[in-house]
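Structure below is model_18.txt: compact mmCIF, C-alpha atoms and all ligand atoms.
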# COMPACT_ATOMS: atom_id res chain seq x y z
CA MET K 1 13.53 -34.51 134.64
CA LEU K 2 14.75 -31.23 133.22
CA VAL K 3 17.73 -29.35 134.64
CA ILE K 4 18.57 -25.78 133.62
CA ASN K 5 21.93 -24.62 134.92
CA ASN K 6 23.22 -21.03 134.79
CA VAL K 7 21.75 -20.22 131.41
CA THR K 8 22.57 -16.82 129.97
CA LYS K 9 21.35 -15.77 126.53
CA LYS K 10 22.40 -12.56 124.86
CA TYR K 11 21.00 -11.12 121.65
CA GLY K 12 24.02 -8.99 120.69
CA LYS K 13 24.72 -7.02 123.87
CA PHE K 14 21.18 -7.37 125.21
CA VAL K 15 20.88 -9.94 127.99
CA ALA K 16 17.53 -11.69 127.49
CA ASN K 17 18.21 -14.48 130.03
CA ASP K 18 20.52 -13.71 132.91
CA ASN K 19 21.95 -16.75 134.70
CA ILE K 20 18.77 -18.79 134.93
CA SER K 21 18.70 -22.05 136.89
CA PHE K 22 15.80 -24.30 137.84
CA GLN K 23 14.69 -27.90 137.61
CA VAL K 24 11.45 -29.60 136.76
CA GLY K 25 10.85 -33.07 138.18
CA ASP K 26 8.77 -35.84 136.64
CA GLY K 27 5.06 -35.22 137.09
CA GLU K 28 5.75 -31.60 138.01
CA ILE K 29 4.32 -28.48 136.40
CA ALA K 30 6.51 -25.40 136.51
CA VAL K 31 4.95 -22.18 135.33
CA LEU K 32 6.93 -19.26 134.00
CA LEU K 33 5.05 -16.09 134.74
CA GLY K 34 6.15 -12.71 133.59
CA PRO K 35 5.19 -9.64 131.62
CA ASN K 36 5.81 -9.40 127.89
CA GLY K 37 9.53 -9.25 127.21
CA ALA K 38 10.55 -10.88 130.51
CA GLY K 39 12.48 -13.60 128.69
CA LYS K 40 10.05 -16.55 128.90
CA SER K 41 10.12 -17.52 125.22
CA THR K 42 13.89 -17.08 125.14
CA ILE K 43 14.56 -19.59 127.94
CA ILE K 44 12.02 -21.93 126.35
CA LYS K 45 13.82 -21.74 122.99
CA CYS K 46 17.13 -22.38 124.77
CA ILE K 47 15.64 -25.48 126.45
CA CYS K 48 14.28 -26.77 123.16
CA GLY K 49 17.68 -26.41 121.51
CA LEU K 50 16.70 -23.60 119.15
CA LEU K 51 19.14 -20.98 120.44
CA ARG K 52 22.79 -20.91 121.41
CA PHE K 53 23.39 -19.95 125.04
CA GLN K 54 25.95 -20.06 127.83
CA GLY K 55 25.34 -22.61 130.56
CA ASN K 56 23.89 -26.08 130.30
CA ILE K 57 20.55 -27.78 130.06
CA SER K 58 19.92 -31.48 130.44
CA ILE K 59 16.85 -33.56 129.73
CA GLU K 60 16.70 -36.92 131.50
CA GLY K 61 20.47 -36.61 131.84
CA PHE K 62 21.08 -35.93 128.13
CA ASP K 63 22.47 -32.63 126.86
CA ASN K 64 19.51 -30.75 125.38
CA LYS K 65 21.13 -30.52 121.94
CA SER K 66 21.53 -34.31 121.66
CA VAL K 67 19.24 -36.50 119.60
CA GLU K 68 18.40 -38.50 122.74
CA ALA K 69 17.06 -35.33 124.37
CA LYS K 70 15.17 -34.25 121.25
CA ARG K 71 13.40 -37.58 121.12
CA ILE K 72 11.80 -37.01 124.51
CA ILE K 73 10.99 -33.33 124.43
CA GLY K 74 7.76 -31.85 123.11
CA TYR K 75 7.56 -28.14 122.26
CA ILE K 76 4.44 -26.12 121.59
CA PRO K 77 5.66 -22.75 120.30
CA GLU K 78 3.99 -19.44 120.97
CA VAL K 79 2.95 -19.17 117.34
CA PRO K 80 1.97 -22.41 115.60
CA VAL K 81 3.98 -23.25 112.50
CA LEU K 82 2.17 -25.69 110.24
CA TYR K 83 2.77 -26.78 106.68
CA ASP K 84 0.36 -24.97 104.36
CA MET K 85 -0.01 -27.92 102.02
CA LEU K 86 -0.29 -30.81 104.49
CA THR K 87 -3.65 -31.80 105.87
CA VAL K 88 -4.24 -32.19 109.59
CA GLU K 89 -3.99 -35.95 109.19
CA GLU K 90 -0.78 -35.64 107.19
CA HIS K 91 0.80 -33.47 109.88
CA LEU K 92 0.34 -36.29 112.37
CA GLU K 93 1.59 -38.90 109.93
CA PHE K 94 4.64 -36.73 109.21
CA ILE K 95 5.47 -36.60 112.94
CA ALA K 96 4.85 -40.34 113.34
CA ARG K 97 7.26 -41.13 110.50
CA GLY K 98 9.88 -38.65 111.71
CA TYR K 99 9.86 -40.20 115.17
CA ASN K 100 9.50 -43.76 113.88
CA LEU K 101 6.35 -44.28 115.92
CA THR K 102 4.39 -47.50 115.80
CA ASP K 103 0.81 -47.83 117.06
CA TRP K 104 0.31 -44.10 116.96
CA ARG K 105 -3.03 -43.91 115.14
CA GLU K 106 -5.23 -44.55 118.13
CA TYR K 107 -3.52 -41.83 120.15
CA ALA K 108 -3.69 -39.47 117.15
CA GLU K 109 -7.44 -40.10 116.94
CA LYS K 110 -7.80 -39.44 120.65
CA LEU K 111 -5.90 -36.15 120.45
CA LEU K 112 -7.95 -34.99 117.45
CA ARG K 113 -11.16 -35.92 119.25
CA ILE K 114 -10.13 -34.05 122.41
CA PHE K 115 -9.61 -30.89 120.38
CA GLU K 116 -12.71 -31.36 118.20
CA LEU K 117 -10.61 -31.72 115.08
CA ASP K 118 -12.07 -35.05 113.93
CA ASP K 119 -13.98 -33.41 111.12
CA LYS K 120 -10.97 -31.28 110.07
CA LYS K 121 -8.63 -34.16 109.22
CA GLN K 122 -8.69 -33.42 105.50
CA LYS K 123 -8.18 -29.65 105.84
CA PHE K 124 -4.89 -28.13 104.80
CA GLY K 125 -2.78 -26.22 107.32
CA LYS K 126 -3.47 -22.98 105.51
CA GLU K 127 -7.23 -23.54 105.72
CA LEU K 128 -7.27 -23.62 109.51
CA SER K 129 -7.98 -20.74 111.86
CA LYS K 130 -5.26 -19.63 114.26
CA GLY K 131 -6.92 -21.53 117.13
CA MET K 132 -7.23 -24.72 115.06
CA GLN K 133 -3.58 -24.42 114.04
CA GLN K 134 -2.68 -24.12 117.71
CA LYS K 135 -4.64 -27.30 118.45
CA VAL K 136 -2.90 -29.20 115.62
CA SER K 137 0.45 -27.94 116.90
CA ILE K 138 -0.40 -29.37 120.34
CA CYS K 139 -1.45 -32.72 118.83
CA CYS K 140 1.80 -32.92 116.84
CA ALA K 141 3.96 -32.14 119.89
CA LEU K 142 2.20 -34.70 122.07
CA LEU K 143 1.95 -37.55 119.57
CA PRO K 144 5.43 -38.99 120.36
CA LYS K 145 4.45 -39.02 124.10
CA PRO K 146 7.32 -36.77 125.21
CA LYS K 147 8.58 -37.01 128.80
CA VAL K 148 9.31 -33.30 128.94
CA ILE K 149 6.73 -30.90 127.50
CA ILE K 150 7.19 -27.17 127.04
CA PHE K 151 4.16 -25.00 126.34
CA ASP K 152 4.78 -21.37 125.39
CA GLU K 153 1.60 -19.39 126.08
CA PRO K 154 -0.56 -22.38 125.13
CA LEU K 155 -3.96 -20.90 125.92
CA VAL K 156 -3.63 -17.80 123.75
CA GLY K 157 -5.96 -18.13 120.78
CA LEU K 158 -7.86 -21.19 122.03
CA ASP K 159 -11.65 -21.14 122.40
CA PRO K 160 -13.24 -22.04 125.77
CA HIS K 161 -13.66 -25.68 124.76
CA GLY K 162 -10.04 -25.86 123.66
CA ILE K 163 -8.87 -24.31 126.93
CA LYS K 164 -10.89 -26.80 128.98
CA ALA K 165 -9.66 -29.72 126.87
CA LEU K 166 -6.03 -28.63 127.14
CA LYS K 167 -6.26 -28.17 130.91
CA GLU K 168 -7.67 -31.68 131.31
CA LEU K 169 -4.97 -33.08 129.04
CA ILE K 170 -2.24 -31.30 131.00
CA MET K 171 -3.52 -32.94 134.21
CA GLU K 172 -3.55 -36.33 132.49
CA LEU K 173 0.06 -35.85 131.29
CA LYS K 174 1.08 -34.78 134.78
CA ASN K 175 -0.43 -37.93 136.24
CA GLN K 176 1.49 -39.96 133.66
CA GLY K 177 4.71 -38.40 134.95
CA ALA K 178 5.59 -35.82 132.31
CA ALA K 179 7.73 -32.87 133.40
CA MET K 180 6.12 -29.70 132.08
CA ILE K 181 6.85 -26.03 131.71
CA ILE K 182 4.02 -23.65 130.90
CA SER K 183 4.74 -20.00 130.22
CA THR K 184 2.01 -17.46 130.51
CA HIS K 185 1.27 -13.85 131.27
CA MET K 186 -2.26 -14.83 132.32
CA ILE K 187 -2.00 -15.85 135.98
CA ASP K 188 -5.61 -17.02 136.24
CA SER K 189 -5.08 -19.61 133.52
CA VAL K 190 -2.63 -21.71 135.57
CA LYS K 191 -4.19 -21.29 139.02
CA GLU K 192 -5.54 -24.84 139.15
CA PHE K 193 -2.44 -26.76 138.27
CA TRP K 194 0.91 -25.19 139.02
CA ASP K 195 3.37 -26.90 141.36
CA VAL K 196 6.13 -24.32 141.15
CA ALA K 197 5.90 -20.79 139.80
CA HIS K 198 8.93 -18.82 138.61
CA ILE K 199 8.21 -15.16 138.15
CA MET K 200 10.45 -13.66 135.48
CA MET K 201 11.41 -10.02 135.12
CA ASN K 202 14.06 -8.46 132.89
CA GLY K 203 15.59 -11.82 131.98
CA LYS K 204 15.91 -13.06 135.56
CA ILE K 205 13.87 -15.28 137.83
CA ALA K 206 12.78 -12.63 140.32
CA ALA K 207 10.92 -15.02 142.63
CA THR K 208 10.01 -18.67 142.94
CA ARG K 209 7.03 -20.06 144.81
CA VAL K 210 6.16 -23.64 145.61
CA LYS K 211 2.43 -24.38 145.68
CA GLU K 212 2.31 -25.72 149.27
CA ASP K 213 4.17 -22.70 150.66
CA ALA K 214 1.87 -20.30 148.84
CA GLU K 215 -1.15 -22.15 150.23
CA LYS K 216 0.23 -22.01 153.78
CA SER K 217 1.02 -18.33 153.61
CA ASN K 218 -2.26 -17.58 151.87
CA GLU K 219 -0.46 -15.43 149.35
CA GLY K 220 -1.97 -15.73 145.89
CA LEU K 221 0.13 -15.85 142.75
CA GLU K 222 -1.47 -12.66 141.58
CA GLU K 223 -0.40 -10.68 144.65
CA LEU K 224 3.10 -12.07 144.36
CA PHE K 225 3.23 -11.26 140.65
CA PHE K 226 2.33 -7.62 141.16
CA HIS K 227 4.57 -7.35 144.19
CA ILE K 228 7.51 -8.49 142.06
CA THR K 229 6.68 -6.87 138.75
CA GLU K 230 5.85 -3.53 140.30
CA GLY K 231 9.41 -3.38 141.51
CA LYS K 232 9.31 -4.29 145.17
CA GLY K 233 11.52 -7.38 144.79
CA ASP K 234 11.30 -10.66 146.69
CA GLN K 235 12.47 -9.51 150.15
P1 LIG N 301 8.58 -13.08 126.66
O1 LIG N 301 8.39 -14.39 126.01
O2 LIG N 301 8.72 -13.16 128.15
O3 LIG N 301 7.54 -12.09 126.27
P2 LIG N 301 11.00 -12.98 125.03
O4 LIG N 301 11.85 -14.06 125.57
O5 LIG N 301 10.31 -13.21 123.75
O6 LIG N 301 10.00 -12.48 126.16
O7 LIG N 301 11.92 -11.68 124.84
C1 LIG N 301 12.79 -11.24 125.87
C2 LIG N 301 13.54 -10.00 125.38
O8 LIG N 301 14.43 -10.37 124.34
C3 LIG N 301 12.63 -8.91 124.81
O9 LIG N 301 13.15 -7.66 125.21
C4 LIG N 301 12.77 -9.10 123.31
O10 LIG N 301 12.59 -7.89 122.64
C5 LIG N 301 14.19 -9.62 123.16
N1 LIG N 301 14.32 -10.50 122.01
C6 LIG N 301 13.60 -11.64 121.78
N2 LIG N 301 13.99 -12.23 120.63
C7 LIG N 301 14.98 -11.46 120.12
C8 LIG N 301 15.80 -11.53 118.95
N3 LIG N 301 15.69 -12.54 118.09
N4 LIG N 301 16.72 -10.54 118.76
C9 LIG N 301 16.86 -9.52 119.65
N5 LIG N 301 16.11 -9.41 120.78
C10 LIG N 301 15.19 -10.34 121.01
MG MG N 302 6.90 -15.09 124.80
In structure tokens, how does this file's structure come out?
Amino acid sequence: MLVINNVTKKYGKFVANDNISFQVGDGEIAVLLGPNGAGKSTIIKCICGLLRFQGNISIEGFDNKSVEAKRIIGYIPEVPVLYDMLTVEEHLEFIARGYNLTDWREYAEKLLRIFELDDKKQKFGKELSKGMQQKVSICCALLPKPKVIIFDEPLVGLDPHGIKALKELIMELKNQGAAMIISTHMIDSVKEFWDVAHIMMNGKIAATRVKEDAEKSNEGLEELFFHITEGKGDQ
């Protein structure tokens, strides 16, 4: 369970997140939709403890800056950051040692297989394409089996097989009870699996839709997105 309470983030005088509040329950997928610059990556970095902000964020009841919270949160950044001189296999071992994991090898093998990286285990970070780096970044984030998982634009740069594999994995993690946030500016990409959608504009959540309500009213996410982002508001 992830709770975001009245979070405001300013870069100098510029307000990138303006009093944002929402929660994500276990087994729930919240999507953050919004045009470039809406503030999606900023709130994600606040949640992951990478930025200072006003307000508070808790993860399974722990303050997000605490070690207890960091142990159970997985973050897949917008741009993968790998070590040039570690191999794919060494990246996973590095994570396993950092988190003191035992019995991690089987899951590591499974993740590598899912993303067709089995034959890339000995390649260095710098030898991988952007898409492969993204896949390794996902494997590293998921290896400790985090309870809260934050994906920032996860499908950008992945090939069709990678996209399919990630979507299946996201459903598996949902069924295992992980609370997830997925940010994207590509509405189509999350159509199959969102539970709650927060549409962000100019640092604010301009509208929130719950899947069942959207289904009842027959209003697609796309219509709602353009309604909001083209300035008509949520009334
Ligand atoms: P999104 O992920 O929705 O595209 P971001 O959260 O990255 O948006 O950015 C939100 C706004 O904050 C943008 O206007 C961006 O230019 C600004 N911004 C992001 N990072 C910084 C920074 N480090 N310093 C100043 N402004 C920033
Ligand atoms: Mg972003």
Would you name the residues within 12 Å of ligand LIG 301 (chain N), counting all atoms listed in the file, and put them as an NGL selection string? :K and (8-18 or 32-46 or 50-52 or 77-79 or 151-153 or 182-186 or 198-205)
Distance of atom CA of K:Asp195 from atom CA of K:Ala30, expressed in Å to one decimal place: 6.0 Å
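Nearest residue to ligand MG 302 (chain N) among K:Ile76, K:Arg113, K:Cys139, K:Ala178 is K:Ile76, counting only C-alpha atoms and all ligand atoms.
For the point (-0.3, -19.1, 119.1) in file coordinates, the residues within 7 Å, using all atoms listed in the file, are Glu78, Val79, Pro80, Lys130, Gln134, Pro154, Val156 and Gly157 of chain K.
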Check the smallest atom-to-atom distance from each of K:Ile4, K:Leu155, K:Val136, K:Leu224 to K:Gly55 using all atoms listed in the file, then report the winner. K:Ile4
What is the atom CA of K:Gly125 to atom CA of K:Leu86 distance in Å? 5.9 Å
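In this model, the gap between atom CA of K:Ile73 and atom CA of K:Ile150 comes to 7.7 Å.
Of the residues under consideration (K:Ser66, K:Asn56, K:Ser21, K:Gln133), K:Gln133 shows the shortest atom-to-atom contact distance to K:Gly162 when counting all atoms listed in the file.
For the set K:Ile20, K:Ala206, K:Ile95, K:Leu166, the residue with the smallest atom-to-atom gap to K:Val190 is K:Leu166, counting only C-alpha atoms.
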Leaving out K:Met171 and any residue of its chain fewer than 2 positions from it, which residues lie within 12 Å of it when counting only C-alpha atoms, given as a tab-separated table (two decimals) with C-alpha atoms, in the frame of the given file?
chain	number	residue	atom	x	y	z
K	27	GLY	CA	5.06	-35.22	137.09
K	28	GLU	CA	5.75	-31.60	138.01
K	29	ILE	CA	4.32	-28.48	136.40
K	164	LYS	CA	-10.89	-26.80	128.98
K	165	ALA	CA	-9.66	-29.72	126.87
K	166	LEU	CA	-6.03	-28.63	127.14
K	167	LYS	CA	-6.26	-28.17	130.91
K	168	GLU	CA	-7.67	-31.68	131.31
K	169	LEU	CA	-4.97	-33.08	129.04
K	173	LEU	CA	0.06	-35.85	131.29
K	174	LYS	CA	1.08	-34.78	134.78
K	175	ASN	CA	-0.43	-37.93	136.24
K	176	GLN	CA	1.49	-39.96	133.66
K	177	GLY	CA	4.71	-38.40	134.95
K	178	ALA	CA	5.59	-35.82	132.31
K	179	ALA	CA	7.73	-32.87	133.40
K	180	MET	CA	6.12	-29.70	132.08
K	190	VAL	CA	-2.63	-21.71	135.57
K	192	GLU	CA	-5.54	-24.84	139.15
K	193	PHE	CA	-2.44	-26.76	138.27
K	194	TRP	CA	0.91	-25.19	139.02
K	195	ASP	CA	3.37	-26.90	141.36
List the neighbours of K:Pro144 out to 10 Å using all atoms listed in the file; skip same-chain residues closer than 5 positions along the sequence, and give me the result as a PyMOL selection string. chain K and resi 71-74+92+95-96+98-102+104+107-108+139
Selection export as a PDB file, in the coordinates of the input, atoms kept: C-alpha atoms:
ATOM      1  CA  ARG K  71      13.400 -37.580 121.120  1.00  0.00           C
ATOM      2  CA  ILE K  72      11.800 -37.010 124.510  1.00  0.00           C
ATOM      3  CA  ILE K  73      10.990 -33.330 124.430  1.00  0.00           C
ATOM      4  CA  GLY K  74       7.760 -31.850 123.110  1.00  0.00           C
ATOM      5  CA  LEU K  92       0.340 -36.290 112.370  1.00  0.00           C
ATOM      6  CA  ILE K  95       5.470 -36.600 112.940  1.00  0.00           C
ATOM      7  CA  ALA K  96       4.850 -40.340 113.340  1.00  0.00           C
ATOM      8  CA  GLY K  98       9.880 -38.650 111.710  1.00  0.00           C
ATOM      9  CA  TYR K  99       9.860 -40.200 115.170  1.00  0.00           C
ATOM     10  CA  ASN K 100       9.500 -43.760 113.880  1.00  0.00           C
ATOM     11  CA  LEU K 101       6.350 -44.280 115.920  1.00  0.00           C
ATOM     12  CA  THR K 102       4.390 -47.500 115.800  1.00  0.00           C
ATOM     13  CA  TRP K 104       0.310 -44.100 116.960  1.00  0.00           C
ATOM     14  CA  TYR K 107      -3.520 -41.830 120.150  1.00  0.00           C
ATOM     15  CA  ALA K 108      -3.690 -39.470 117.150  1.00  0.00           C
ATOM     16  CA  CYS K 139      -1.450 -32.720 118.830  1.00  0.00           C
TER      17      CYS K 139
END
Could you give me, as a short mmCIF file (atom, residue, chain, number, x, y, z; two decimals) with C-alpha atoms, in the frame of the given file, the residues within 8 Å of stretch 215-222 of chain K, counting only C-alpha atoms and dropping anything in the same chain fewer than 4 positions from it?
data_model
loop_
_atom_site.label_atom_id
_atom_site.label_comp_id
_atom_site.auth_asym_id
_atom_site.auth_seq_id
_atom_site.Cartn_x
_atom_site.Cartn_y
_atom_site.Cartn_z
CA ILE K 187 -2.00 -15.85 135.98
CA LYS K 191 -4.19 -21.29 139.02
CA LYS K 211 2.43 -24.38 145.68
CA PHE K 226 2.33 -7.62 141.16
#
Using all atoms listed in the file, can you tell me which of K:Lys123, K:Ala197, K:Val67, K:Tyr75 comes closest to K:Cys48? K:Tyr75
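Each of K:Leu117, K:Leu128, K:Val24, K:Ile228 was checked against K:Val210 using all atoms listed in the file; the smallest atom-to-atom distance is that of K:Val24.
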Could you rebuild stretch 16-46 of chain K with N, CA and C atoms and give me the result as a tab-separated table (two decimals), keeping the file's coordinate frame?
chain	number	residue	atom	x	y	z
K	16	ALA	N	18.95	-11.31	127.43
K	16	ALA	CA	17.53	-11.69	127.49
K	16	ALA	C	17.27	-12.73	128.58
K	17	ASN	N	18.29	-13.54	128.90
K	17	ASN	CA	18.21	-14.48	130.03
K	17	ASN	C	19.50	-14.32	130.82
K	18	ASP	N	19.36	-14.03	132.09
K	18	ASP	CA	20.52	-13.71	132.91
K	18	ASP	C	20.72	-14.76	133.99
K	19	ASN	N	21.56	-15.74	133.70
K	19	ASN	CA	21.95	-16.75	134.70
K	19	ASN	C	20.74	-17.47	135.33
K	20	ILE	N	19.99	-18.11	134.48
K	20	ILE	CA	18.77	-18.79	134.93
K	20	ILE	C	19.06	-20.24	135.30
K	21	SER	N	18.57	-20.66	136.47
K	21	SER	CA	18.70	-22.05	136.89
K	21	SER	C	17.39	-22.50	137.52
K	22	PHE	N	16.89	-23.63	137.13
K	22	PHE	CA	15.80	-24.30	137.84
K	22	PHE	C	15.66	-25.72	137.31
K	23	GLN	N	14.89	-26.50	138.03
K	23	GLN	CA	14.69	-27.90	137.61
K	23	GLN	C	13.20	-28.19	137.57
K	24	VAL	N	12.84	-29.14	136.76
K	24	VAL	CA	11.45	-29.60	136.76
K	24	VAL	C	11.47	-31.13	136.88
K	25	GLY	N	10.86	-31.62	137.94
K	25	GLY	CA	10.85	-33.07	138.18
K	25	GLY	C	9.75	-33.75	137.38
K	26	ASP	N	9.81	-35.07	137.34
K	26	ASP	CA	8.77	-35.84	136.64
K	26	ASP	C	7.42	-35.63	137.33
K	27	GLY	N	6.40	-35.44	136.54
K	27	GLY	CA	5.06	-35.22	137.09
K	27	GLY	C	4.87	-33.83	137.70
K	28	GLU	N	5.83	-32.95	137.42
K	28	GLU	CA	5.75	-31.60	138.01
K	28	GLU	C	5.43	-30.56	136.93
K	29	ILE	N	4.63	-29.58	137.32
K	29	ILE	CA	4.32	-28.48	136.40
K	29	ILE	C	4.95	-27.20	136.92
K	30	ALA	N	5.90	-26.68	136.15
K	30	ALA	CA	6.51	-25.40	136.51
K	30	ALA	C	5.91	-24.34	135.60
K	31	VAL	N	5.44	-23.24	136.19
K	31	VAL	CA	4.95	-22.18	135.33
K	31	VAL	C	5.94	-21.02	135.33
K	32	LEU	N	6.12	-20.46	134.14
K	32	LEU	CA	6.93	-19.26	134.00
K	32	LEU	C	5.96	-18.11	133.83
K	33	LEU	N	5.94	-17.24	134.82
K	33	LEU	CA	5.05	-16.09	134.74
K	33	LEU	C	5.90	-14.86	134.51
K	34	GLY	N	5.37	-13.92	133.78
K	34	GLY	CA	6.15	-12.71	133.59
K	34	GLY	C	5.53	-11.85	132.53
K	35	PRO	N	5.75	-10.54	132.63
K	35	PRO	CA	5.19	-9.64	131.62
K	35	PRO	C	5.82	-9.88	130.26
K	36	ASN	N	5.24	-9.30	129.24
K	36	ASN	CA	5.81	-9.40	127.89
K	36	ASN	C	7.26	-8.92	127.93
K	37	GLY	N	8.13	-9.67	127.29
K	37	GLY	CA	9.53	-9.25	127.21
K	37	GLY	C	10.38	-9.71	128.38
K	38	ALA	N	9.80	-10.45	129.31
K	38	ALA	CA	10.55	-10.88	130.51
K	38	ALA	C	11.64	-11.89	130.17
K	39	GLY	N	11.46	-12.61	129.07
K	39	GLY	CA	12.48	-13.60	128.69
K	39	GLY	C	11.97	-15.03	128.71
K	40	LYS	N	10.65	-15.19	128.81
K	40	LYS	CA	10.05	-16.55	128.90
K	40	LYS	C	10.29	-17.35	127.61
K	41	SER	N	9.95	-16.77	126.48
K	41	SER	CA	10.12	-17.52	125.22
K	41	SER	C	11.59	-17.79	124.95
K	42	THR	N	12.46	-16.89	125.38
K	42	THR	CA	13.89	-17.08	125.14
K	42	THR	C	14.40	-18.30	125.91
K	43	ILE	N	14.07	-18.42	127.19
K	43	ILE	CA	14.56	-19.59	127.94
K	43	ILE	C	13.93	-20.87	127.37
K	44	ILE	N	12.68	-20.76	126.94
K	44	ILE	CA	12.02	-21.93	126.35
K	44	ILE	C	12.75	-22.37	125.06
K	45	LYS	N	13.11	-21.40	124.23
K	45	LYS	CA	13.82	-21.74	122.99
K	45	LYS	C	15.21	-22.30	123.30
K	46	CYS	N	15.83	-21.80	124.35
K	46	CYS	CA	17.13	-22.38	124.77
K	46	CYS	C	16.92	-23.84	125.16
